[in-house]
>>> print(open('entry_36.csv').read())   # CSV, C-alpha atoms
chain,number,residue,atom,x,y,z
R,1,MET,CA,140.7,-154.6,11.4
R,2,ASN,CA,137.1,-153.1,11.6
R,3,ALA,CA,138.6,-149.6,11.9
R,4,SER,CA,140.5,-150.1,8.6
R,5,ARG,CA,137.5,-151.5,6.8
R,6,GLU,CA,135.3,-148.6,7.8
R,7,PHE,CA,138.0,-146.1,6.8
R,8,LEU,CA,138.5,-147.7,3.4
R,9,GLY,CA,134.8,-147.8,2.8
R,10,ARG,CA,134.3,-144.2,3.7
R,11,LEU,CA,136.9,-143.0,1.2
R,12,GLY,CA,136.4,-145.7,-1.4
R,13,LEU,CA,140.0,-147.0,-1.0
R,14,GLN,CA,141.3,-150.5,-1.8
R,15,HIS,CA,144.4,-150.3,0.4
R,16,PRO,CA,144.9,-148.8,3.9
R,17,ILE,CA,147.8,-146.7,2.5
R,18,ILE,CA,148.1,-142.9,2.4
R,19,GLN,CA,150.9,-141.1,0.5
R,20,ALA,CA,152.0,-138.3,2.8
R,21,PRO,CA,151.4,-134.7,1.5
R,22,MET,CA,155.1,-133.7,1.4
R,23,ALA,CA,154.8,-130.1,0.4
R,24,GLY,CA,157.4,-129.4,-2.3
R,25,VAL,CA,157.8,-133.1,-3.2
R,26,SER,CA,154.2,-134.3,-3.9
R,27,THR,CA,152.8,-133.5,-7.3
R,28,PRO,CA,149.5,-134.0,-9.0
R,29,SER,CA,150.9,-136.9,-11.0
R,30,LEU,CA,152.1,-138.6,-7.8
R,31,ALA,CA,148.9,-138.1,-5.9
R,32,ALA,CA,146.8,-139.2,-8.9
R,33,ALA,CA,148.9,-142.3,-9.5
R,34,VAL,CA,148.6,-143.4,-5.9
R,35,SER,CA,144.9,-142.8,-5.8
R,36,ASN,CA,144.4,-144.6,-9.1
R,37,ALA,CA,146.2,-147.6,-7.6
R,38,GLY,CA,143.7,-147.8,-4.8
R,39,ALA,CA,145.4,-145.9,-2.0
R,40,LEU,CA,145.0,-142.2,-1.0
R,41,GLY,CA,147.2,-139.8,-2.8
R,42,SER,CA,147.9,-136.4,-1.3
R,43,LEU,CA,148.9,-132.8,-2.2
R,44,GLY,CA,150.7,-130.5,0.2
R,45,ILE,CA,149.7,-126.9,-0.6
R,46,GLY,CA,151.0,-125.3,2.6
R,47,ALA,CA,154.0,-123.8,0.6
R,48,SER,CA,151.9,-122.9,-2.4
R,49,THR,CA,150.4,-119.6,-3.6
R,50,LEU,CA,146.6,-119.7,-4.1
R,51,ALA,CA,147.1,-119.9,-7.9
R,52,GLN,CA,149.6,-122.8,-7.4
R,53,ALA,CA,147.2,-124.6,-5.1
R,54,ARG,CA,144.3,-124.2,-7.5
R,55,GLN,CA,146.3,-125.5,-10.4
R,56,ALA,CA,147.5,-128.5,-8.4
R,57,ILE,CA,144.0,-129.5,-7.3
R,58,GLU,CA,142.6,-129.0,-10.7
R,59,GLN,CA,145.4,-131.0,-12.4
R,60,THR,CA,145.0,-133.8,-9.9
R,61,ARG,CA,141.3,-134.0,-10.5
R,62,SER,CA,142.0,-134.2,-14.3
R,63,LEU,CA,144.2,-137.2,-13.7
R,64,THR,CA,142.0,-139.2,-11.3
R,65,SER,CA,138.3,-139.6,-10.4
R,66,LYS,CA,139.4,-141.2,-7.1
R,67,SER,CA,139.6,-139.7,-3.6
R,68,PHE,CA,142.7,-137.6,-2.8
R,69,ASN,CA,143.9,-135.5,0.1
R,70,VAL,CA,144.8,-131.8,0.3
R,71,ASN,CA,147.0,-130.8,3.2
R,72,VAL,CA,147.2,-127.3,4.7
R,73,PHE,CA,149.5,-125.8,7.3
R,74,CYS,CA,147.8,-124.4,10.5
R,75,HIS,CA,150.9,-122.8,12.2
R,76,ALA,CA,150.7,-119.7,14.3
R,77,PRO,CA,152.0,-116.6,12.4
R,78,ALA,CA,155.7,-116.0,12.8
R,79,ARG,CA,156.9,-114.0,15.8
R,80,ARG,CA,159.1,-111.5,14.2
R,81,ASP,CA,162.3,-110.5,16.0
R,82,GLY,CA,164.6,-108.2,14.1
R,83,ALA,CA,167.6,-108.8,16.2
R,84,ARG,CA,167.2,-112.6,16.2
R,85,GLU,CA,166.7,-112.6,12.4
R,86,ALA,CA,169.8,-110.3,11.9
R,87,ALA,CA,171.9,-112.6,14.0
R,88,TRP,CA,170.7,-115.6,12.0
R,89,ILE,CA,171.6,-113.9,8.7
R,90,ALA,CA,175.0,-112.9,10.1
R,91,HIS,CA,175.8,-116.4,11.3
R,92,HIS,CA,175.3,-117.8,7.8
R,93,ALA,CA,177.2,-115.0,5.9
R,94,PRO,CA,180.3,-117.4,5.5
R,95,LEU,CA,178.1,-119.9,3.7
R,96,PHE,CA,176.7,-117.3,1.3
R,97,ALA,CA,180.3,-116.1,0.6
R,98,GLU,CA,181.3,-119.7,0.0
R,99,VAL,CA,178.8,-119.9,-2.9
R,100,GLY,CA,179.5,-116.5,-4.2
R,101,ALA,CA,176.3,-114.9,-3.0
R,102,THR,CA,175.4,-111.9,-0.8
R,103,PRO,CA,173.4,-112.6,2.4
R,104,PRO,CA,169.9,-111.1,2.4
R,105,GLU,CA,169.4,-107.9,4.2
R,106,SER,CA,166.2,-109.2,5.7
R,107,LEU,CA,164.0,-112.3,5.8
R,108,GLY,CA,160.3,-112.8,4.9
R,109,GLU,CA,157.4,-114.9,6.2
R,110,ILE,CA,157.3,-116.9,3.0
R,111,TYR,CA,154.4,-119.3,3.8
R,112,LYS,CA,151.0,-118.1,4.8
R,113,THR,CA,149.2,-120.0,7.5
R,114,PHE,CA,145.8,-121.5,6.7
R,115,LEU,CA,144.5,-119.9,9.9
R,116,GLY,CA,142.5,-116.9,8.8
R,117,ASP,CA,143.3,-117.6,5.1
R,118,ASP,CA,139.9,-116.9,3.6
R,119,ALA,CA,140.9,-117.4,0.0
R,120,ALA,CA,142.4,-120.9,0.7
R,121,PHE,CA,139.4,-121.8,2.7
R,122,ALA,CA,137.1,-120.8,-0.1
R,123,LEU,CA,139.2,-122.7,-2.6
R,124,LEU,CA,138.7,-125.9,-0.6
R,125,LEU,CA,135.0,-125.4,-0.4
R,126,GLU,CA,134.9,-124.7,-4.1
R,127,HIS,CA,136.8,-127.8,-5.2
R,128,ARG,CA,135.7,-130.1,-2.3
R,129,PRO,CA,138.5,-132.7,-2.4
R,130,ALA,CA,137.5,-135.9,-0.7
R,131,VAL,CA,139.9,-135.3,2.2
R,132,VAL,CA,141.5,-132.2,3.8
R,133,SER,CA,144.2,-132.6,6.4
R,134,PHE,CA,145.7,-130.2,8.9
R,135,HIS,CA,149.3,-130.0,10.0
R,136,PHE,CA,150.8,-127.9,12.9
R,137,GLY,CA,147.5,-127.4,14.5
R,138,LEU,CA,143.8,-126.8,13.8
R,139,PRO,CA,141.8,-124.1,12.0
R,140,PRO,CA,138.8,-122.5,13.8
R,141,ALA,CA,136.0,-124.9,14.7
R,142,ASP,CA,133.5,-123.2,12.3
R,143,ARG,CA,135.9,-123.9,9.4
R,144,ILE,CA,136.2,-127.6,10.3
R,145,LEU,CA,132.4,-127.8,10.5
R,146,ALA,CA,132.0,-126.1,7.2
R,147,LEU,CA,134.4,-128.5,5.5
R,148,ARG,CA,132.7,-131.5,7.0
R,149,GLN,CA,129.3,-130.1,6.0
R,150,ALA,CA,130.6,-129.9,2.4
R,151,GLY,CA,131.2,-133.6,2.5
R,152,ILE,CA,134.9,-133.4,3.1
R,153,TYR,CA,136.6,-136.0,5.3
R,154,THR,CA,139.1,-134.3,7.7
R,155,LEU,CA,142.4,-135.4,9.2
R,156,ALA,CA,144.8,-133.7,11.6
R,157,THR,CA,148.2,-134.6,12.8
R,158,ALA,CA,148.9,-135.4,16.4
R,159,THR,CA,152.3,-136.1,18.1
R,160,SER,CA,150.8,-136.6,21.6
R,161,LEU,CA,147.7,-137.6,23.4
R,162,GLN,CA,147.0,-134.0,24.3
R,163,GLU,CA,147.0,-132.9,20.7
R,164,ALA,CA,144.9,-135.9,19.8
R,165,ARG,CA,142.3,-134.9,22.3
R,166,ARG,CA,142.1,-131.4,20.9
R,167,ILE,CA,141.6,-132.9,17.5
R,168,GLU,CA,138.8,-135.1,18.7
R,169,GLN,CA,137.1,-132.2,20.6
R,170,ALA,CA,137.3,-130.0,17.4
R,171,GLY,CA,135.2,-132.5,15.4
R,172,VAL,CA,137.9,-133.7,13.0
R,173,ASP,CA,137.1,-137.2,11.5
R,174,ALA,CA,140.5,-139.0,12.0
R,175,ILE,CA,143.9,-138.5,13.5
R,176,VAL,CA,147.3,-138.9,11.9
R,177,ALA,CA,149.6,-140.3,14.7
R,178,GLN,CA,153.0,-139.0,13.7
R,179,GLY,CA,155.9,-140.8,15.5
R,180,ILE,CA,159.3,-139.3,16.0
R,181,GLU,CA,160.6,-141.6,13.2
R,182,ALA,CA,158.8,-139.5,10.5
R,183,GLY,CA,160.6,-137.4,8.0
R,184,GLY,CA,159.7,-133.8,7.4
R,185,HIS,CA,158.1,-131.4,9.8
R,186,ARG,CA,156.9,-132.5,13.2
R,187,GLY,CA,153.2,-131.8,13.5
R,188,VAL,CA,153.5,-130.4,17.0
R,189,PHE,CA,151.0,-127.7,17.7
R,190,ASP,CA,153.4,-125.7,19.8
R,191,PRO,CA,157.1,-126.2,19.0
R,192,ASP,CA,158.2,-124.5,22.2
R,193,ALA,CA,156.2,-126.9,24.4
R,194,GLY,CA,157.7,-130.2,25.6
R,195,ASP,CA,157.8,-133.0,23.0
R,196,GLU,CA,157.9,-136.5,24.3
R,197,CYS,CA,159.2,-137.7,20.9
R,198,LEU,CA,156.9,-140.7,21.1
R,199,SER,CA,157.6,-143.5,18.6
R,200,THR,CA,154.9,-144.4,16.0
R,201,SER,CA,154.1,-147.7,17.7
R,202,VAL,CA,153.7,-146.2,21.2
R,203,LEU,CA,151.7,-143.2,19.9
R,204,VAL,CA,149.4,-145.4,17.9
R,205,ARG,CA,148.6,-147.7,20.8
R,206,LEU,CA,148.0,-144.7,23.1
R,207,LEU,CA,145.6,-143.0,20.7
R,208,VAL,CA,143.8,-146.2,19.8
R,209,GLN,CA,143.1,-146.8,23.5
R,210,ARG,CA,142.4,-143.2,24.6
R,211,THR,CA,140.5,-141.7,21.7
R,212,SER,CA,137.5,-142.8,19.7
R,213,LEU,CA,138.6,-141.7,16.2
R,214,PRO,CA,140.3,-143.7,13.5
R,215,ILE,CA,144.1,-143.5,13.9
R,216,ILE,CA,146.5,-143.4,10.9
R,217,ALA,CA,150.0,-144.4,11.7
R,218,ALA,CA,152.8,-142.3,10.3
R,219,GLY,CA,156.6,-142.4,10.8
R,220,GLY,CA,159.2,-144.9,9.7
R,221,ILE,CA,156.8,-147.1,7.7
R,222,MET,CA,158.4,-148.2,4.5
R,223,ASP,CA,156.9,-151.5,3.4
R,224,GLY,CA,153.9,-153.8,3.7
R,225,ARG,CA,155.2,-155.4,6.9
R,226,GLY,CA,155.4,-152.0,8.5
R,227,ILE,CA,151.8,-151.3,7.4
R,228,LYS,CA,150.6,-154.6,8.8
R,229,ALA,CA,152.3,-153.9,12.1
R,230,ALA,CA,150.5,-150.6,12.3
R,231,LEU,CA,147.2,-152.2,11.6
R,232,ASP,CA,147.9,-154.9,14.2
R,233,LEU,CA,148.4,-152.0,16.7
R,234,GLY,CA,144.9,-150.8,15.9
R,235,ALA,CA,145.6,-148.2,13.2
R,236,ALA,CA,143.0,-147.8,10.4
R,237,ALA,CA,145.7,-147.1,7.8
R,238,ALA,CA,149.3,-146.1,7.5
R,239,GLN,CA,150.8,-142.9,6.0
R,240,LEU,CA,154.1,-143.1,4.1
R,241,GLY,CA,156.2,-140.2,2.9
R,242,THR,CA,159.8,-141.1,2.5
R,243,ALA,CA,158.8,-144.3,0.7
R,244,PHE,CA,157.4,-142.2,-2.2
R,245,VAL,CA,160.2,-139.7,-2.6
R,246,LEU,CA,162.1,-141.9,-5.2
R,247,CYS,CA,159.0,-142.4,-7.3
R,248,PRO,CA,159.6,-140.8,-10.7
R,249,GLU,CA,156.3,-138.8,-10.2
R,250,SER,CA,157.7,-136.9,-7.2
R,251,ALA,CA,159.3,-133.5,-7.5
R,252,ALA,CA,162.5,-134.5,-5.7
R,253,ASN,CA,165.5,-133.3,-7.6
R,254,GLU,CA,168.5,-135.5,-8.6
R,255,GLY,CA,170.6,-134.4,-5.6
R,256,TYR,CA,167.8,-135.4,-3.2
R,257,ARG,CA,167.4,-138.7,-5.0
R,258,ALA,CA,171.1,-139.5,-5.0
R,259,ASN,CA,171.5,-138.8,-1.3
R,260,LEU,CA,168.4,-140.9,-0.5
R,261,LYS,CA,170.0,-143.8,-2.4
R,262,SER,CA,173.4,-143.3,-0.6
R,263,GLU,CA,174.8,-143.7,2.8
R,264,ARG,CA,173.4,-140.3,3.6
R,265,ALA,CA,170.1,-142.0,4.2
R,266,TRP,CA,171.4,-143.6,7.3
R,267,ALA,CA,171.8,-140.3,9.1
R,268,THR,CA,168.7,-138.2,9.7
R,269,ARG,CA,168.2,-135.6,12.4
R,270,VAL,CA,165.3,-133.6,13.8
R,271,THR,CA,166.3,-130.0,13.7
R,272,ARG,CA,164.8,-126.5,13.7
R,273,VAL,CA,167.7,-124.9,11.8
R,274,LEU,CA,166.4,-125.3,8.3
R,275,SER,CA,162.9,-123.9,8.7
R,276,GLY,CA,162.5,-122.7,12.3
R,277,ARG,CA,160.3,-125.7,13.2
R,278,PRO,CA,161.4,-129.2,14.2
R,279,ALA,CA,161.8,-131.4,11.1
R,280,ARG,CA,163.7,-134.6,10.2
R,281,GLY,CA,165.9,-134.6,7.2
R,282,MET,CA,169.2,-136.1,6.0
R,283,VAL,CA,172.2,-134.5,7.7
R,284,ASN,CA,174.1,-132.1,5.5
R,285,ARG,CA,176.5,-129.2,5.8
R,286,PHE,CA,173.8,-126.6,6.5
R,287,ILE,CA,172.6,-128.6,9.5
R,288,THR,CA,176.0,-129.3,11.0
R,289,PHE,CA,177.0,-125.6,10.5
R,290,ALA,CA,173.8,-124.1,11.9
R,291,GLN,CA,173.9,-126.5,14.9
R,292,SER,CA,177.6,-125.9,15.7
R,293,PRO,CA,178.5,-124.8,19.2
R,294,GLY,CA,177.8,-121.1,19.7
R,295,SER,CA,175.3,-120.8,16.9
R,296,PRO,CA,172.4,-118.4,17.6
R,297,PRO,CA,168.8,-119.7,17.7
R,298,PRO,CA,167.1,-119.8,14.3
R,299,ALA,CA,164.5,-117.3,13.3
R,300,ASP,CA,160.9,-118.3,13.7
R,301,TYR,CA,159.1,-120.5,11.2
R,302,PRO,CA,158.8,-119.9,8.2
R,303,VAL,CA,161.2,-116.9,8.4
R,304,ALA,CA,164.3,-119.1,8.9
R,305,TYR,CA,163.2,-121.1,5.9
R,306,ASP,CA,163.6,-118.0,3.7
R,307,LEU,CA,167.3,-117.9,4.5
R,308,ALA,CA,167.8,-121.6,3.9
R,309,LYS,CA,166.0,-121.4,0.6
R,310,GLN,CA,167.9,-118.4,-0.6
R,311,LEU,CA,171.2,-120.1,0.3
R,312,ASN,CA,170.2,-123.3,-1.4
R,313,ALA,CA,169.1,-121.5,-4.5
R,314,ALA,CA,172.6,-119.8,-4.8
R,315,ALA,CA,174.4,-123.1,-4.1
R,316,ALA,CA,172.3,-125.1,-6.5
R,317,LYS,CA,173.5,-122.9,-9.4
R,318,LEU,CA,176.9,-124.3,-8.7
R,319,GLY,CA,175.7,-127.9,-8.5
R,320,ASN,CA,176.0,-127.9,-4.7
R,321,ASP,CA,173.0,-129.4,-2.7
R,322,GLU,CA,174.7,-129.3,0.7
R,323,PHE,CA,172.3,-126.6,1.9
R,324,ALA,CA,169.0,-128.2,0.7
R,325,ALA,CA,166.2,-129.4,2.9
R,326,GLN,CA,166.1,-133.1,2.1
R,327,TRP,CA,163.4,-134.4,4.4
R,328,ALA,CA,163.6,-138.1,5.2
R,329,GLY,CA,162.4,-140.4,8.0
R,330,GLN,CA,164.5,-143.0,9.9
R,331,GLY,CA,163.4,-145.7,7.5
R,332,ALA,CA,165.1,-143.8,4.6
R,333,PRO,CA,167.6,-146.6,3.8
R,334,LEU,CA,164.6,-148.8,2.9
R,335,ALA,CA,163.4,-146.5,0.1
R,336,ARG,CA,162.7,-148.1,-3.2
R,337,GLU,CA,162.9,-146.6,-6.7
R,338,MET,CA,159.8,-147.5,-8.7
R,339,PRO,CA,156.7,-145.8,-10.2
R,340,ALA,CA,154.1,-144.9,-7.6
R,341,ALA,CA,151.4,-147.4,-8.8
R,342,GLN,CA,154.0,-150.2,-8.8
R,343,LEU,CA,155.0,-149.2,-5.2
R,344,VAL,CA,151.4,-149.2,-4.0
R,345,GLY,CA,151.1,-152.7,-5.6
R,346,ALA,CA,154.2,-153.9,-3.9
R,347,LEU,CA,153.1,-152.5,-0.5
R,348,ALA,CA,149.7,-154.1,-0.9
R,349,GLY,CA,151.2,-157.4,-1.8
R,350,GLU,CA,153.6,-157.4,1.2
R,351,LEU,CA,150.7,-156.4,3.4
R,352,SER,CA,148.6,-159.4,2.4
R,353,ALA,CA,151.5,-161.9,2.3
>>> encode(input="entry_36.csv", output="structure tokens")
Amino acid sequence: MNASREFLGRLGLQHPIIQAPMAGVSTPSLAAAVSNAGALGSLGIGASTLAQARQAIEQTRSLTSKSFNVNVFCHAPARRDGAREAAWIAHHAPLFAEVGATPPESLGEIYKTFLGDDAAFALLLEHRPAVVSFHFGLPPADRILALRQAGIYTLATATSLQEARRIEQAGVDAIVAQGIEAGGHRGVFDPDAGDECLSTSVLVRLLVQRTSLPIIAAGGIMDGRGIKAALDLGAAAAQLGTAFVLCPESAANEGYRANLKSERAWATRVTRVLSGRPARGMVNRFITFAQSPGSPPPADYPVAYDLAKQLNAAAAKLGNDEFAAQWAGQGAPLAREMPAAQLVGALAGELSA
């Protein structure tokens, strides 16, 4: 447990619990409530404009004086392919027609990568959150160094030993070991490379033994017993995402919440079809349609996401959420509905029981 004590001490935390960033679901009120309860709250700004990111960071800081994490996306820029994108649009034309909408003529690269984003980098240096985390890869070494020299603790997601070694060599402070059970986007650096789909427990043990950095377990952890198991495997802390979706402070809409509390939560799948990158979510009509035999390959990330979001926006006006990205991990049936501070307290109590 030495790794856990050192990690808690470095960030001034009471509990070895991190609320996953969950872009689109995390909010300043969620992050602040988690941090005020003694854990580490997080914001995901990878899907935000610069103005939205600034507002979220400033609002969180107004709600807590404790440490919180700001997560950025470090994906490679989209590889544009007009023919592939046109085929993807054409394939989904029947679904647009179903909701009374016209398919888009073209798709856009709706999310900017942190790689080379000077404005986002400057924003982080200006506000200096206690923690900055990287997903989908790593920024240039000089930017990692600059963040650390500014007193910011850095984290990066790894799904394999190879990625973990790159994180260690880059000078990042700690590694988030994301098992295949995790909801949301896989943190793979290269989605076209082989993915061993390692479980959280296997990945944590592997990284604890083969790297020198603190390891944060992520994937399928929903309660204090799960956190304790991760710590017993050598993790310094555990990161939970799906566990926080039902908190009233999250931005999850009613359809998302209803499905997470239903039998839908028992069926999750890792798929590229929603965004263009592998991600685990509750199975819905969009996923089954887009993965049906004969379907074309999806456009690259985040271009494919543009189509999914446009279709969902049209369907949502009719009260239809069958085309939404409702990310959830394999532990989804264990989700509990309670305020974030109460959930942190419950997790801590179960951990110490």
>>> residues_around(input="entry_36.csv", residues="Gln59 (chain R)", least_positions_apart="2", cutoff="12 Å", atoms="all atoms listed in the file", output="list in words")
Thr27, Pro28, Ser29, Leu30, Ala31, Ala32, Leu43, Gln52, Ala53, Arg54, Gln55, Ala56, Ile57, Arg61, Ser62, Leu63, Thr64, Ser65, Phe68 and His127 of chain R
>>> write_last_selection(input="entry_36.csv", atoms="C-alpha atoms", output="mmCIF file, in the frame of the given file")
data_model
loop_
_atom_site.group_PDB
_atom_site.id
_atom_site.type_symbol
_atom_site.label_atom_id
_atom_site.label_comp_id
_atom_site.auth_asym_id
_atom_site.auth_seq_id
_atom_site.Cartn_x
_atom_site.Cartn_y
_atom_site.Cartn_z
ATOM 1 C CA THR R 27 152.800 -133.500 -7.300
ATOM 2 C CA PRO R 28 149.500 -134.000 -9.000
ATOM 3 C CA SER R 29 150.900 -136.900 -11.000
ATOM 4 C CA LEU R 30 152.100 -138.600 -7.800
ATOM 5 C CA ALA R 31 148.900 -138.100 -5.900
ATOM 6 C CA ALA R 32 146.800 -139.200 -8.900
ATOM 7 C CA LEU R 43 148.900 -132.800 -2.200
ATOM 8 C CA GLN R 52 149.600 -122.800 -7.400
ATOM 9 C CA ALA R 53 147.200 -124.600 -5.100
ATOM 10 C CA ARG R 54 144.300 -124.200 -7.500
ATOM 11 C CA GLN R 55 146.300 -125.500 -10.400
ATOM 12 C CA ALA R 56 147.500 -128.500 -8.400
ATOM 13 C CA ILE R 57 144.000 -129.500 -7.300
ATOM 14 C CA ARG R 61 141.300 -134.000 -10.500
ATOM 15 C CA SER R 62 142.000 -134.200 -14.300
ATOM 16 C CA LEU R 63 144.200 -137.200 -13.700
ATOM 17 C CA THR R 64 142.000 -139.200 -11.300
ATOM 18 C CA SER R 65 138.300 -139.600 -10.400
ATOM 19 C CA PHE R 68 142.700 -137.600 -2.800
ATOM 20 C CA HIS R 127 136.800 -127.800 -5.200
#
>>> residues_around(input="entry_36.csv", residues="Gln14 (chain R)", least_positions_apart="3", cutoff="7 Å", atoms="all atoms listed in the file", output="PyMOL selection string")
chain R and resi 8+38-39
>>> closest_residue(input="entry_36.csv", among="R:His15, R:Arg79, R:Arg272, R:Arg285", to="Phe323 (chain R)", atoms="only C-alpha atoms")
R:Arg285
>>> residues_around(input="entry_36.csv", residues="Pro104 (chain R)", least_positions_apart="2", cutoff="8 Å", atoms="all atoms listed in the file", output="ChimeraX atom specification")
/R:89,102,106-107,307
>>> write_last_selection(input="entry_36.csv", atoms="C-alpha atoms", output="CSV table (one decimal), keeping the file's coordinate frame")
chain,number,residue,atom,x,y,z
R,89,ILE,CA,171.6,-113.9,8.7
R,102,THR,CA,175.4,-111.9,-0.8
R,106,SER,CA,166.2,-109.2,5.7
R,107,LEU,CA,164.0,-112.3,5.8
R,307,LEU,CA,167.3,-117.9,4.5
>>> residues_around(input="entry_36.csv", residues="Val208 (chain R)", least_positions_apart="6", cutoff="8 Å", atoms="all atoms listed in the file", output="PyMOL selection string")
chain R and resi 214-215+234-235
>>> write_last_selection(input="entry_36.csv", atoms="C-alpha atoms", output="CSV table (one decimal), in the coordinates of the input")
chain,number,residue,atom,x,y,z
R,214,PRO,CA,140.3,-143.7,13.5
R,215,ILE,CA,144.1,-143.5,13.9
R,234,GLY,CA,144.9,-150.8,15.9
R,235,ALA,CA,145.6,-148.2,13.2
>>> residues_around(input="entry_36.csv", residues="region 293-306 of chain R", least_positions_apart="6", cutoff="7 Å", atoms="all atoms listed in the file", output="number ranges by chain")
R: 78-79, 84-85, 87-88, 107-111, 273-277
>>> atom_distance(input="entry_36.csv", atom1="CA of Asp195 (chain R)", atom2="CA of Met282 (chain R)")
20.7 Å
>>> atom_distance(input="entry_36.csv", atom1="CA of Leu11 (chain R)", atom2="CA of Gly329 (chain R)")
26.5 Å
>>> closest_residue(input="entry_36.csv", among="R:Val245, R:Val131, R:Phe73, R:Val344", to="Gly116 (chain R)", atoms="all atoms listed in the file")
R:Phe73
>>> closest_residue(input="entry_36.csv", among="R:Ser212, R:Ser250, R:Thr157, R:Ser48", to="Ala3 (chain R)", atoms="all atoms listed in the file")
R:Ser212
>>> closest_residue(input="entry_36.csv", among="R:Asn2, R:Thr154, R:Gln310, R:Ser262", to="Val72 (chain R)", atoms="only C-alpha atoms")
R:Thr154
>>> closest_residue(input="entry_36.csv", among="R:Ala141, R:Leu213, R:Cys197, R:Ala252", to="Ala23 (chain R)", atoms="only C-alpha atoms")
R:Ala252
>>> closest_residue(input="entry_36.csv", among="R:Gln162, R:Asn36, R:Gln149, R:Gln239", to="Val176 (chain R)", atoms="all atoms listed in the file")
R:Gln239
>>> atom_distance(input="entry_36.csv", atom1="CA of Leu334 (chain R)", atom2="CA of Phe286 (chain R)")
24.3 Å
>>> residues_near_point(input="entry_36.csv", point="(155.6, -136.9, 24.7)", cutoff="9 Å", atoms="only C-alpha atoms", output="list of chain:residue names")
R:Thr159, R:Ser160, R:Leu161, R:Gly194, R:Asp195, R:Glu196, R:Cys197, R:Leu198, R:Leu203
>>> build_atoms(input="entry_36.csv", residues="region 89-101 of chain R", atoms="N, CA and C atoms", output="PDB file, in the coordinates of the input")
ATOM      1  N   ILE R  89     171.045-114.251  10.022  1.00  0.00           N
ATOM      2  CA  ILE R  89     171.600-113.900   8.700  1.00  0.00           C
ATOM      3  C   ILE R  89     173.158-113.787   8.850  1.00  0.00           C
ATOM      4  N   ALA R  90     173.594-113.078   9.878  1.00  0.00           N
ATOM      5  CA  ALA R  90     175.000-112.900  10.100  1.00  0.00           C
ATOM      6  C   ALA R  90     175.776-114.169  10.277  1.00  0.00           C
ATOM      7  N   HIS R  91     175.157-115.074  11.001  1.00  0.00           N
ATOM      8  CA  HIS R  91     175.800-116.400  11.300  1.00  0.00           C
ATOM      9  C   HIS R  91     176.073-117.129   9.993  1.00  0.00           C
ATOM     10  N   HIS R  92     175.185-116.981   9.011  1.00  0.00           N
ATOM     11  CA  HIS R  92     175.300-117.800   7.800  1.00  0.00           C
ATOM     12  C   HIS R  92     176.038-117.007   6.661  1.00  0.00           C
ATOM     13  N   ALA R  93     176.527-115.810   6.965  1.00  0.00           N
ATOM     14  CA  ALA R  93     177.200-115.000   5.900  1.00  0.00           C
ATOM     15  C   ALA R  93     178.410-115.817   5.329  1.00  0.00           C
ATOM     16  N   PRO R  94     179.171-116.585   6.119  1.00  0.00           N
ATOM     17  CA  PRO R  94     180.300-117.400   5.500  1.00  0.00           C
ATOM     18  C   PRO R  94     179.798-118.371   4.468  1.00  0.00           C
ATOM     19  N   LEU R  95     178.629-118.944   4.669  1.00  0.00           N
ATOM     20  CA  LEU R  95     178.100-119.900   3.700  1.00  0.00           C
ATOM     21  C   LEU R  95     177.687-119.226   2.416  1.00  0.00           C
ATOM     22  N   PHE R  96     177.075-118.044   2.536  1.00  0.00           N
ATOM     23  CA  PHE R  96     176.700-117.300   1.300  1.00  0.00           C
ATOM     24  C   PHE R  96     177.989-116.914   0.554  1.00  0.00           C
ATOM     25  N   ALA R  97     179.010-116.500   1.308  1.00  0.00           N
ATOM     26  CA  ALA R  97     180.300-116.100   0.600  1.00  0.00           C
ATOM     27  C   ALA R  97     180.878-117.336  -0.073  1.00  0.00           C
ATOM     28  N   GLU R  98     180.712-118.490   0.517  1.00  0.00           N
ATOM     29  CA  GLU R  98     181.300-119.700   0.000  1.00  0.00           C
ATOM     30  C   GLU R  98     180.692-120.027  -1.429  1.00  0.00           C
ATOM     31  N   VAL R  99     179.431-119.649  -1.628  1.00  0.00           N
ATOM     32  CA  VAL R  99     178.800-119.900  -2.900  1.00  0.00           C
ATOM     33  C   VAL R  99     178.674-118.672  -3.776  1.00  0.00           C
ATOM     34  N   GLY R 100     179.442-117.662  -3.405  1.00  0.00           N
ATOM     35  CA  GLY R 100     179.500-116.500  -4.200  1.00  0.00           C
ATOM     36  C   GLY R 100     178.250-115.619  -4.192  1.00  0.00           C
ATOM     37  N   ALA R 101     177.531-115.638  -3.076  1.00  0.00           N
ATOM     38  CA  ALA R 101     176.300-114.900  -3.000  1.00  0.00           C
ATOM     39  C   ALA R 101     176.342-113.909  -1.800  1.00  0.00           C
TER      40      ALA R 101
END
